[in-house]
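Reproduced below: entry35.txt, with compact mmCIF, C-alpha atoms.
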# COMPACT_ATOMS: atom_id res chain seq x y z
CA MET A 1 -31.00 -47.93 -103.54
CA GLN A 2 -28.19 -46.12 -105.32
CA HIS A 3 -29.44 -42.89 -103.86
CA GLN A 4 -29.42 -44.32 -100.37
CA ARG A 5 -25.90 -45.56 -100.88
CA THR A 6 -24.67 -42.15 -101.92
CA LEU A 7 -26.31 -40.56 -98.91
CA LEU A 8 -24.67 -43.09 -96.65
CA ASP A 9 -21.27 -42.42 -98.18
CA LEU A 10 -21.79 -38.73 -97.83
CA ASN A 11 -22.77 -39.12 -94.22
CA MET A 12 -19.69 -41.17 -93.49
CA ARG A 13 -17.49 -38.64 -95.18
CA LEU A 14 -19.07 -35.82 -93.24
CA GLU A 15 -18.57 -37.72 -90.04
CA ARG A 16 -14.91 -38.28 -90.86
CA GLU A 17 -14.48 -34.61 -91.65
CA HIS A 18 -16.05 -33.64 -88.37
CA GLU A 19 -13.80 -36.07 -86.58
CA THR A 20 -10.72 -34.51 -88.19
CA GLU A 21 -12.03 -31.04 -87.49
CA ALA A 22 -12.61 -31.86 -83.85
CA ARG A 23 -9.16 -33.41 -83.54
CA LEU A 24 -7.49 -30.38 -85.10
CA ALA A 25 -9.48 -28.13 -82.81
CA VAL A 26 -8.30 -30.09 -79.80
CA ALA A 27 -4.66 -30.00 -80.91
CA ASP A 28 -4.94 -26.28 -81.53
CA GLU A 29 -6.49 -25.58 -78.16
CA ARG A 30 -3.95 -27.75 -76.39
CA ALA A 31 -1.05 -25.96 -78.04
CA ARG A 32 -2.49 -22.62 -77.06
CA ILE A 33 -3.18 -23.58 -73.47
CA ALA A 34 0.27 -25.11 -73.22
CA ARG A 35 1.77 -21.84 -74.47
CA GLU A 36 -0.22 -19.87 -71.91
CA LEU A 37 0.82 -22.12 -69.06
CA HIS A 38 4.39 -21.92 -70.26
CA ASP A 39 4.15 -18.13 -70.13
CA ILE A 40 2.81 -18.13 -66.60
CA ILE A 41 5.50 -20.51 -65.41
CA ALA A 42 8.26 -18.51 -67.09
CA HIS A 43 6.92 -15.38 -65.46
CA GLY A 44 6.82 -17.05 -62.04
CA VAL A 45 10.41 -18.18 -62.41
CA GLY A 46 11.33 -14.63 -63.44
CA VAL A 47 9.81 -13.33 -60.19
CA MET A 48 11.86 -15.93 -58.30
CA VAL A 49 15.08 -14.79 -59.94
CA VAL A 50 14.39 -11.11 -59.21
CA HIS A 51 13.58 -11.80 -55.56
CA ALA A 52 16.53 -14.17 -55.10
CA GLU A 53 18.75 -11.37 -56.31
CA ALA A 54 16.94 -8.85 -54.10
CA ALA A 55 17.37 -11.08 -51.03
CA ASP A 56 21.05 -11.55 -51.84
CA GLU A 57 21.45 -7.81 -52.25
CA VAL A 58 19.87 -6.71 -48.95
CA LEU A 59 20.64 -9.70 -46.69
CA GLY A 60 23.06 -7.69 -44.54
CA THR A 61 21.28 -4.34 -44.53
CA ASP A 62 17.61 -5.30 -44.50
CA PRO A 63 17.03 -8.82 -43.11
CA ASP A 64 13.24 -8.33 -42.99
CA GLY A 65 13.15 -7.35 -46.63
CA ALA A 66 15.37 -10.31 -47.50
CA ARG A 67 13.03 -12.66 -45.60
CA GLU A 68 10.02 -11.21 -47.42
CA SER A 69 11.76 -11.94 -50.72
CA LEU A 70 12.59 -15.49 -49.64
CA ARG A 71 8.92 -16.07 -48.79
CA GLN A 72 7.98 -14.72 -52.18
CA ILE A 73 10.35 -17.18 -53.80
CA GLN A 74 8.64 -20.03 -51.93
CA THR A 75 5.17 -18.89 -53.01
CA SER A 76 6.16 -18.37 -56.64
CA GLY A 77 8.02 -21.68 -56.67
CA ARG A 78 4.98 -23.55 -55.39
CA GLN A 79 2.72 -21.87 -57.90
CA ALA A 80 5.14 -22.65 -60.71
CA LEU A 81 5.16 -26.31 -59.66
CA THR A 82 1.37 -26.47 -59.69
CA GLU A 83 1.27 -24.91 -63.13
CA LEU A 84 4.01 -27.21 -64.34
CA ARG A 85 1.94 -30.16 -63.20
CA GLN A 86 -1.01 -28.86 -65.20
CA LEU A 87 1.19 -28.35 -68.23
CA LEU A 88 2.59 -31.87 -68.00
CA GLY A 89 -0.91 -33.27 -67.59
CA LEU A 90 -1.99 -31.40 -70.68
CA LEU A 91 0.91 -32.73 -72.74
CA ARG A 92 0.63 -36.27 -71.39
CA ASP A 93 -3.07 -36.36 -72.20
CA ASP A 94 -2.32 -35.92 -75.87
CA PRO A 95 -3.97 -38.89 -77.54
CA PRO A 96 -2.18 -40.87 -80.23
CA PRO A 97 -3.25 -39.50 -83.62
CA ALA A 98 -5.01 -42.65 -84.77
CA SER A 99 -6.94 -43.34 -81.61
CA LEU A 100 -10.61 -42.73 -81.26
CA THR A 101 -10.41 -41.58 -77.67
CA PRO A 102 -13.50 -39.55 -76.97
CA GLN A 103 -12.83 -35.83 -76.76
CA PRO A 104 -13.95 -33.92 -73.72
CA SER A 105 -17.58 -32.95 -73.84
CA VAL A 106 -20.31 -31.40 -71.72
CA ALA A 107 -20.41 -34.66 -69.77
CA GLU A 108 -16.85 -34.01 -68.56
CA LEU A 109 -17.63 -30.52 -67.29
CA ASP A 110 -18.22 -31.81 -63.77
CA ASP A 111 -14.63 -33.08 -63.69
CA LEU A 112 -13.36 -29.79 -65.09
CA VAL A 113 -15.23 -27.79 -62.47
CA ARG A 114 -13.84 -30.02 -59.74
CA GLU A 115 -10.29 -29.56 -61.02
CA VAL A 116 -10.68 -25.82 -61.35
CA SER A 117 -12.13 -25.56 -57.84
CA LEU A 118 -9.01 -27.30 -56.52
CA THR A 119 -6.82 -24.58 -58.01
CA GLY A 120 -8.62 -21.91 -56.00
CA LEU A 121 -11.46 -20.87 -58.29
CA SER A 122 -14.50 -22.18 -56.45
CA THR A 123 -16.91 -23.06 -59.26
CA GLU A 124 -20.42 -24.44 -59.41
CA ILE A 125 -22.23 -25.77 -62.46
CA HIS A 126 -25.94 -25.88 -63.24
CA ILE A 127 -27.52 -27.71 -66.13
CA GLU A 128 -31.06 -26.70 -67.00
CA GLY A 129 -33.52 -28.29 -69.41
CA GLU A 130 -33.67 -31.83 -70.70
CA ARG A 131 -30.25 -32.97 -71.84
CA TYR A 132 -30.00 -34.24 -75.38
CA PRO A 133 -27.00 -35.53 -77.32
CA LEU A 134 -24.96 -32.85 -79.07
CA PRO A 135 -22.86 -33.30 -82.21
CA ALA A 136 -19.25 -34.08 -81.21
CA GLY A 137 -17.81 -30.79 -82.45
CA LEU A 138 -20.43 -28.74 -80.69
CA ASP A 139 -20.03 -30.80 -77.55
CA LEU A 140 -16.28 -30.16 -77.57
CA THR A 141 -16.74 -26.48 -78.32
CA THR A 142 -19.03 -26.10 -75.33
CA TYR A 143 -16.47 -27.78 -73.11
CA ARG A 144 -13.66 -25.59 -74.45
CA ILE A 145 -15.62 -22.38 -73.98
CA VAL A 146 -16.26 -23.19 -70.34
CA GLN A 147 -12.64 -24.25 -69.89
CA GLU A 148 -11.37 -21.09 -71.54
CA ALA A 149 -13.65 -18.80 -69.58
CA LEU A 150 -12.66 -20.40 -66.28
CA THR A 151 -8.96 -20.22 -67.18
CA ASN A 152 -9.33 -16.53 -67.96
CA ALA A 153 -11.38 -15.95 -64.79
CA GLY A 154 -8.52 -17.23 -62.66
CA LYS A 155 -5.62 -15.99 -64.70
CA HIS A 156 -6.67 -12.56 -65.92
CA GLY A 157 -9.64 -11.74 -63.71
CA HIS A 158 -8.13 -13.09 -60.46
CA ALA A 159 -11.62 -14.34 -59.60
CA ASP A 160 -12.15 -16.80 -56.76
CA THR A 161 -15.71 -17.87 -57.48
CA ALA A 162 -17.43 -18.70 -60.74
CA ARG A 163 -20.78 -20.06 -61.86
CA VAL A 164 -21.41 -22.04 -65.02
CA CYS A 165 -24.92 -22.43 -66.34
CA ILE A 166 -25.83 -24.55 -69.35
CA ARG A 167 -29.38 -24.45 -70.66
CA TYR A 168 -30.69 -27.02 -73.14
CA ARG A 169 -33.36 -25.35 -75.22
CA ALA A 170 -35.35 -26.85 -78.08
CA ASP A 171 -33.04 -25.57 -80.82
CA GLU A 172 -30.13 -23.99 -79.03
CA LEU A 173 -27.74 -24.37 -76.17
CA SER A 174 -26.96 -21.39 -74.01
CA VAL A 175 -23.78 -21.28 -71.94
CA ASP A 176 -23.13 -18.67 -69.25
CA ILE A 177 -19.97 -18.29 -67.24
CA ASP A 178 -19.99 -15.58 -64.58
CA ASP A 179 -17.20 -14.84 -62.15
CA ASN A 180 -16.38 -12.30 -59.48
CA GLY A 181 -13.10 -11.16 -61.03
CA HIS A 182 -11.93 -7.96 -62.68
CA CYS A 183 -13.27 -6.95 -66.00
CA THR A 184 -10.00 -5.82 -67.56
CA ASP A 185 -8.42 -5.67 -70.93
CA THR A 186 -5.78 -8.32 -71.16
CA PRO A 187 -2.37 -7.52 -72.53
CA GLN A 188 -1.88 -8.72 -76.06
CA LEU A 189 1.44 -8.77 -77.74
CA GLY A 190 2.77 -10.31 -80.91
CA ASN A 191 0.92 -13.50 -81.66
CA GLY A 192 -0.17 -13.83 -78.05
CA GLY A 193 -3.85 -13.39 -78.85
CA HIS A 194 -5.55 -15.60 -76.34
CA GLY A 195 -8.85 -16.90 -75.11
CA LEU A 196 -11.40 -14.59 -76.54
CA ILE A 197 -10.25 -14.79 -80.14
CA GLY A 198 -10.26 -18.57 -80.11
CA MET A 199 -13.66 -18.62 -78.44
CA ARG A 200 -15.12 -16.18 -80.92
CA GLU A 201 -13.82 -18.18 -83.89
CA ARG A 202 -15.10 -21.41 -82.48
CA VAL A 203 -18.55 -19.98 -81.76
CA ALA A 204 -18.72 -18.44 -85.24
CA LEU A 205 -17.83 -21.82 -86.74
CA TYR A 206 -21.09 -23.17 -85.32
CA GLY A 207 -23.16 -20.13 -86.21
CA GLY A 208 -23.53 -19.06 -82.60
CA SER A 209 -23.14 -15.80 -80.76
CA LEU A 210 -20.72 -14.69 -78.06
CA GLU A 211 -21.04 -11.81 -75.64
CA THR A 212 -18.42 -10.92 -73.07
CA GLY A 213 -18.10 -8.08 -70.65
CA ARG A 214 -18.96 -6.84 -67.22
CA GLY A 215 -21.41 -9.11 -65.43
CA GLU A 216 -23.34 -8.85 -62.22
CA HIS A 217 -20.34 -9.62 -59.98
CA GLY A 218 -17.37 -9.55 -62.34
CA TYR A 219 -16.71 -10.82 -65.82
CA SER A 220 -19.38 -12.56 -67.81
CA VAL A 221 -19.30 -14.78 -70.90
CA HIS A 222 -22.56 -15.56 -72.66
CA VAL A 223 -22.67 -17.96 -75.59
CA VAL A 224 -25.60 -19.26 -77.62
CA LEU A 225 -25.04 -22.18 -79.99
CA PRO A 226 -27.73 -23.38 -82.39
CA THR A 227 -28.27 -27.12 -82.13
CA THR A 228 -30.70 -27.66 -84.99
CA GLY A 229 -29.47 -28.42 -88.45
CA ALA A 230 -26.24 -29.82 -87.02
CA PRO A 231 -25.48 -33.32 -88.28
CA MET B 1 22.84 9.46 -59.12
CA ILE B 2 21.00 7.52 -61.81
CA ARG B 3 17.31 8.24 -61.49
CA VAL B 4 15.13 5.23 -62.39
CA LEU B 5 11.41 4.82 -63.04
CA LEU B 6 9.98 1.30 -62.65
CA ALA B 7 7.12 0.34 -64.96
CA ASP B 8 5.68 -3.14 -64.44
CA ASP B 9 2.10 -4.27 -63.85
CA GLN B 10 3.26 -6.87 -61.32
CA THR B 11 3.75 -5.39 -57.85
CA LEU B 12 5.93 -8.39 -57.01
CA VAL B 13 8.39 -7.65 -59.76
CA ARG B 14 8.48 -3.93 -58.92
CA ASP B 15 9.12 -4.74 -55.24
CA GLY B 16 12.02 -7.01 -56.11
CA LEU B 17 13.54 -4.58 -58.58
CA ARG B 18 13.19 -1.66 -56.17
CA MET B 19 15.04 -3.63 -53.48
CA ILE B 20 17.88 -4.46 -55.86
CA LEU B 21 18.17 -0.95 -57.27
CA SER B 22 17.79 0.90 -53.97
CA ALA B 23 20.66 -1.14 -52.56
CA GLN B 24 22.98 0.43 -55.12
CA ASP B 25 24.84 3.60 -54.07
CA ASP B 26 24.44 5.35 -57.39
CA ILE B 27 20.81 4.48 -58.21
CA GLU B 28 17.66 6.15 -56.98
CA VAL B 29 14.16 4.83 -57.78
CA VAL B 30 12.15 7.99 -58.39
CA GLY B 31 8.81 6.45 -59.25
CA GLU B 32 6.73 3.44 -60.19
CA ALA B 33 4.01 2.80 -62.72
CA ALA B 34 1.75 -0.20 -63.26
CA THR B 35 0.50 0.51 -66.78
CA GLY B 36 1.98 1.76 -70.02
CA VAL B 37 -0.10 4.92 -69.89
CA ASP B 38 1.03 5.68 -66.33
CA ALA B 39 4.63 4.95 -67.28
CA VAL B 40 4.56 7.51 -70.07
CA ALA B 41 2.93 10.13 -67.82
CA ALA B 42 5.34 9.44 -64.95
CA ALA B 43 8.38 9.57 -67.25
CA ARG B 44 7.26 12.93 -68.62
CA SER B 45 6.71 14.47 -65.19
CA LEU B 46 9.60 12.85 -63.28
CA THR B 47 12.14 12.93 -66.16
CA PRO B 48 14.14 9.91 -64.99
CA ASP B 49 17.44 8.92 -66.61
CA VAL B 50 16.20 5.39 -67.16
CA VAL B 51 12.77 3.79 -67.44
CA LEU B 52 12.70 0.06 -66.70
CA MET B 53 9.78 -0.94 -68.85
CA ASP B 54 8.01 -4.28 -68.63
CA ILE B 55 7.09 -5.52 -72.07
CA ARG B 56 3.72 -6.92 -70.96
CA MET B 57 1.33 -4.47 -69.41
CA PRO B 58 -2.42 -4.07 -69.69
CA GLY B 59 -3.81 -1.46 -72.04
CA MET B 60 -0.67 0.05 -73.52
CA ASN B 61 2.13 -2.53 -73.53
CA GLY B 62 5.82 -1.79 -72.98
CA VAL B 63 6.65 -1.53 -76.66
CA GLU B 64 3.82 0.94 -77.31
CA ALA B 65 4.69 2.94 -74.19
CA THR B 66 8.33 3.10 -75.31
CA ARG B 67 7.27 4.34 -78.73
CA GLU B 68 4.98 6.95 -77.22
CA LEU B 69 7.67 8.12 -74.84
CA MET B 70 10.53 8.25 -77.33
CA HIS B 71 8.65 9.48 -80.38
CA GLY B 72 5.60 11.19 -78.91
CA LYS B 73 5.22 14.78 -77.82
CA GLY B 74 7.31 16.03 -74.91
CA LYS B 75 10.07 13.43 -74.96
CA PRO B 76 12.00 13.77 -71.69
CA GLU B 77 15.60 14.87 -72.33
CA ALA B 78 18.20 12.13 -72.14
CA CYS B 79 15.70 9.52 -71.02
CA ARG B 80 16.58 5.94 -71.93
CA VAL B 81 14.29 2.94 -71.90
CA LEU B 82 15.44 -0.50 -70.83
CA VAL B 83 12.89 -3.18 -71.58
CA LEU B 84 12.16 -5.95 -69.09
CA THR B 85 11.29 -9.25 -70.64
CA THR B 86 11.48 -12.87 -69.62
CA PHE B 87 12.93 -14.07 -72.89
CA ASP B 88 14.97 -12.37 -75.58
CA LEU B 89 12.47 -13.29 -78.27
CA ASP B 90 13.41 -11.82 -81.60
CA GLU B 91 10.05 -10.23 -82.37
CA TYR B 92 10.11 -8.34 -79.08
CA VAL B 93 13.73 -7.27 -79.54
CA TYR B 94 12.91 -5.93 -82.96
CA ALA B 95 9.69 -4.21 -81.87
CA ALA B 96 11.35 -2.58 -78.86
CA MET B 97 14.33 -1.49 -80.93
CA LYS B 98 12.06 0.13 -83.47
CA ALA B 99 10.16 1.79 -80.64
CA GLY B 100 13.36 3.40 -79.34
CA ALA B 101 14.51 1.19 -76.46
CA SER B 102 18.22 1.27 -75.58
CA GLY B 103 18.55 -2.19 -74.10
CA PHE B 104 17.10 -5.21 -72.36
CA LEU B 105 17.04 -6.69 -68.91
CA LEU B 106 16.64 -10.43 -68.89
CA PRO B 107 16.27 -12.43 -65.69
CA SER B 108 17.86 -15.34 -67.53
CA ARG B 109 21.17 -13.43 -67.60
CA LYS B 110 23.13 -13.20 -64.37
CA GLY B 111 23.00 -9.77 -62.75
CA THR B 112 20.23 -8.76 -65.16
CA HIS B 113 22.75 -7.14 -67.44
CA CYS B 114 21.84 -4.81 -70.17
CA LEU B 115 22.02 -6.23 -73.63
CA PRO B 116 22.81 -3.30 -75.90
CA LEU B 117 20.75 -3.01 -79.02
CA PRO B 118 22.11 -1.98 -82.37
CA SER B 119 21.05 1.46 -83.46
CA PRO B 120 17.74 1.39 -85.34
CA ASN B 121 19.28 3.74 -87.90
CA VAL B 122 21.90 1.26 -89.10
Could you show the structure in this file as structure tokens?
Amino acid sequence: MQHQRTLLDLNMRLEREHETEARLAVADERARIARELHDIIAHGVGVMVVHAEAADEVLGTDPDGARESLRQIQTSGRQALTELRQLLGLLRDDPPPASLTPQPSVAELDDLVREVSLTGLSTEIHIEGERYPLPAGLDLTTYRIVQEALTNAGKHGHADTARVCIRYRADELSVDIDDNGHCTDTPQLGNGGHGLIGMRERVALYGGSLETGRGEHGYSVHVVLPTTGAP
Amino acid sequence: MIRVLLADDQTLVRDGLRMILSAQDDIEVVGEAATGVDAVAAARSLTPDVVLMDIRMPGMNGVEATRELMHGKGKPEACRVLVLTTFDLDEYVYAAMKAGASGFLLPSRKGTHCLPLPSPNV
């Protein structure tokens, strides 16, 4: 009886710890994504300033060039607005600290893929194998990996199509994200380490493996996460 | 004539800058580069008076390229580096200063004026 009680307590404590861990992970990811979006928007506005000045400079001597710059300002402005909307959505979504709002999970990937497709990265998702419930942290990690890979595909790889494949195996989950974008090194400066580092850390946390690199059509991310032994 | 090399991975930014600079009577854009490595090579072969160096570029970033250009082998005579950055973030200012940059161009300042840096030897 006593033994059972202790086990129960331990289980509850573990659950609470996982909950905290998952919440911290979410906050961390949000902050990072927000920073990235902020960077993109700032850059877009920078392009607008440069071209506004260029148009002003050549208005009299090169009207065609000035018009080209004005069009560029429109395009960059629209893009910045779209990104701003995403950023605001991200910040508004922030759940109150005490709430038990469910974190995004594999089940929400369909929504993610739909959203991403709307931004110009046409994405399809395939789930293979018999679905089984995943521990919350692992579920969230899977979602974040796909989210991160798709963000990178659009942002760094300039891909326009992507394919996500999730395979439920007996004791592991495999996640593949393939796109048709460039396979380039991304600039890293100061503390601006993005995407890959976070992904790698997250995967390591769950004892999984991560492989990235050139795929069949572009960039490829391959993750395997063990699902046995997890609470 | 002030001979300028543009180094920025974004074609859009280079286009805009070239338009602005080419409209000036005393400035000539002598070349463009899209990566840090290309920027260093172009600066060595074209020997411009000024390199406008974007801080974020793939592979070798602007700070590294500045360091390579100013402290590496075959430094072009009298070549100055002005770093292009969206924000005057302290860590970048410091890194670029240490790397040998002479100033900054910030789109947040009207006329993209140069912000002189203190000498790294002080």
**Prompt:** What does the distance between CA of Val81 (chain B) and CA of Leu12 (chain B) come to in Å, to one decimal place?
**Reply:** 20.5 Å
Can I get the residues of chain B within 6 Å of chain A, each with the closest pair of atoms and their distance in Å to one decimal, using only C-alpha atoms, sorted chain first then ascending number, as a tab-separated table?
residue	atom	partner	partner_atom	distance
B:Val13	CA	A:Val47	CA	5.9
B:Gly16	CA	A:His51	CA	5.1
B:Met19	CA	A:Ala54	CA	5.6
B:Ile20	CA	A:Ala54	CA	4.8
B:Met57	CA	A:Pro187	CA	5.7
B:Pro58	CA	A:Pro187	CA	4.5
B:Pro107	CA	A:Gly46	CA	5.9
**Item:** Selected residue, from B:Thr86, B:Asp38, B:Leu106, B:Ala95, that lies nearest to Ile41 (chain A) when counting all atoms listed in the file
**Value:**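 Smallest distance to Ile41 (chain A) is found for B:Thr86.
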**Prompt:** Distance CA of Val116 (chain A)-CA of Val164 (chain A), one decimal place?
**Reply:** 12.0 Å
**Interatomic distance (Å, one decimal) between CA of Met1 (chain B) and CA of Glu28 (chain B)** =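 CA of Met1 (chain B) sits 6.5 Å away from CA of Glu28 (chain B).
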Env of region 221-228 of chain A: 8 Å cut, atoms = only C-alpha atoms, seq-sep filter 5 positions within chain, self excluded. Answer as an mmCIF file with C-alpha atoms, keeping the file's coordinate frame.
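The file below, part.cif, is the result:
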data_model
loop_
_atom_site.group_PDB
_atom_site.id
_atom_site.type_symbol
_atom_site.label_atom_id
_atom_site.label_comp_id
_atom_site.auth_asym_id
_atom_site.auth_seq_id
_atom_site.Cartn_x
_atom_site.Cartn_y
_atom_site.Cartn_z
ATOM 1 C CA LEU A 134 -24.960 -32.850 -79.070
ATOM 2 C CA ALA A 149 -13.650 -18.800 -69.580
ATOM 3 C CA ASP A 171 -33.040 -25.570 -80.820
ATOM 4 C CA GLU A 172 -30.130 -23.990 -79.030
ATOM 5 C CA LEU A 173 -27.740 -24.370 -76.170
ATOM 6 C CA SER A 174 -26.960 -21.390 -74.010
ATOM 7 C CA VAL A 175 -23.780 -21.280 -71.940
ATOM 8 C CA ASP A 176 -23.130 -18.670 -69.250
ATOM 9 C CA ILE A 177 -19.970 -18.290 -67.240
ATOM 10 C CA ASP A 178 -19.990 -15.580 -64.580
ATOM 11 C CA VAL A 203 -18.550 -19.980 -81.760
ATOM 12 C CA TYR A 206 -21.090 -23.170 -85.320
ATOM 13 C CA GLY A 207 -23.160 -20.130 -86.210
ATOM 14 C CA GLY A 208 -23.530 -19.060 -82.600
ATOM 15 C CA SER A 209 -23.140 -15.800 -80.760
ATOM 16 C CA LEU A 210 -20.720 -14.690 -78.060
ATOM 17 C CA GLU A 211 -21.040 -11.810 -75.640
ATOM 18 C CA THR A 212 -18.420 -10.920 -73.070
ATOM 19 C CA GLY A 213 -18.100 -8.080 -70.650
#
**Request:** Please identify all polymer residues within 10 Å of Arg114 (chain A), counting all atoms listed in the file, omitting same-chain residues fewer than 6 positions from it, and present them as a list in words.
**Result:** Leu121, Ser122, Thr123, Glu124 and Ile125 of chain A
**Asked** Counting all atoms listed in the file, what is within 8 Å of region 13-21 of chain A, bar same-chain residues fewer than 3 positions away, as a ChimeraX atom specification?
**Response** /A:9-10,24-25,136-137
**Message:** Please list as a PyMOL selection string every residue within 10 Å of Leu69 (chain B), counting all atoms listed in the file and excluding residues in the same chain fewer than 3 positions away.
**Reply:** chain B and resi 36-37+39-41+43-44+51+63-66+72-76+79-81+99-101
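Using only C-alpha atoms, the shortest contact distance between Ala159 (chain A) and any of A:Gly77, A:Ser117, A:His126, A:Thr141 is found at A:Ser117.
Using all atoms listed in the file, the contacts of Ala34 (chain B) at a cut-off of 6 Å, with sequence neighbours closer than 4 positions omitted, comprise Ala7, Asp8 and Asp9 of chain B.
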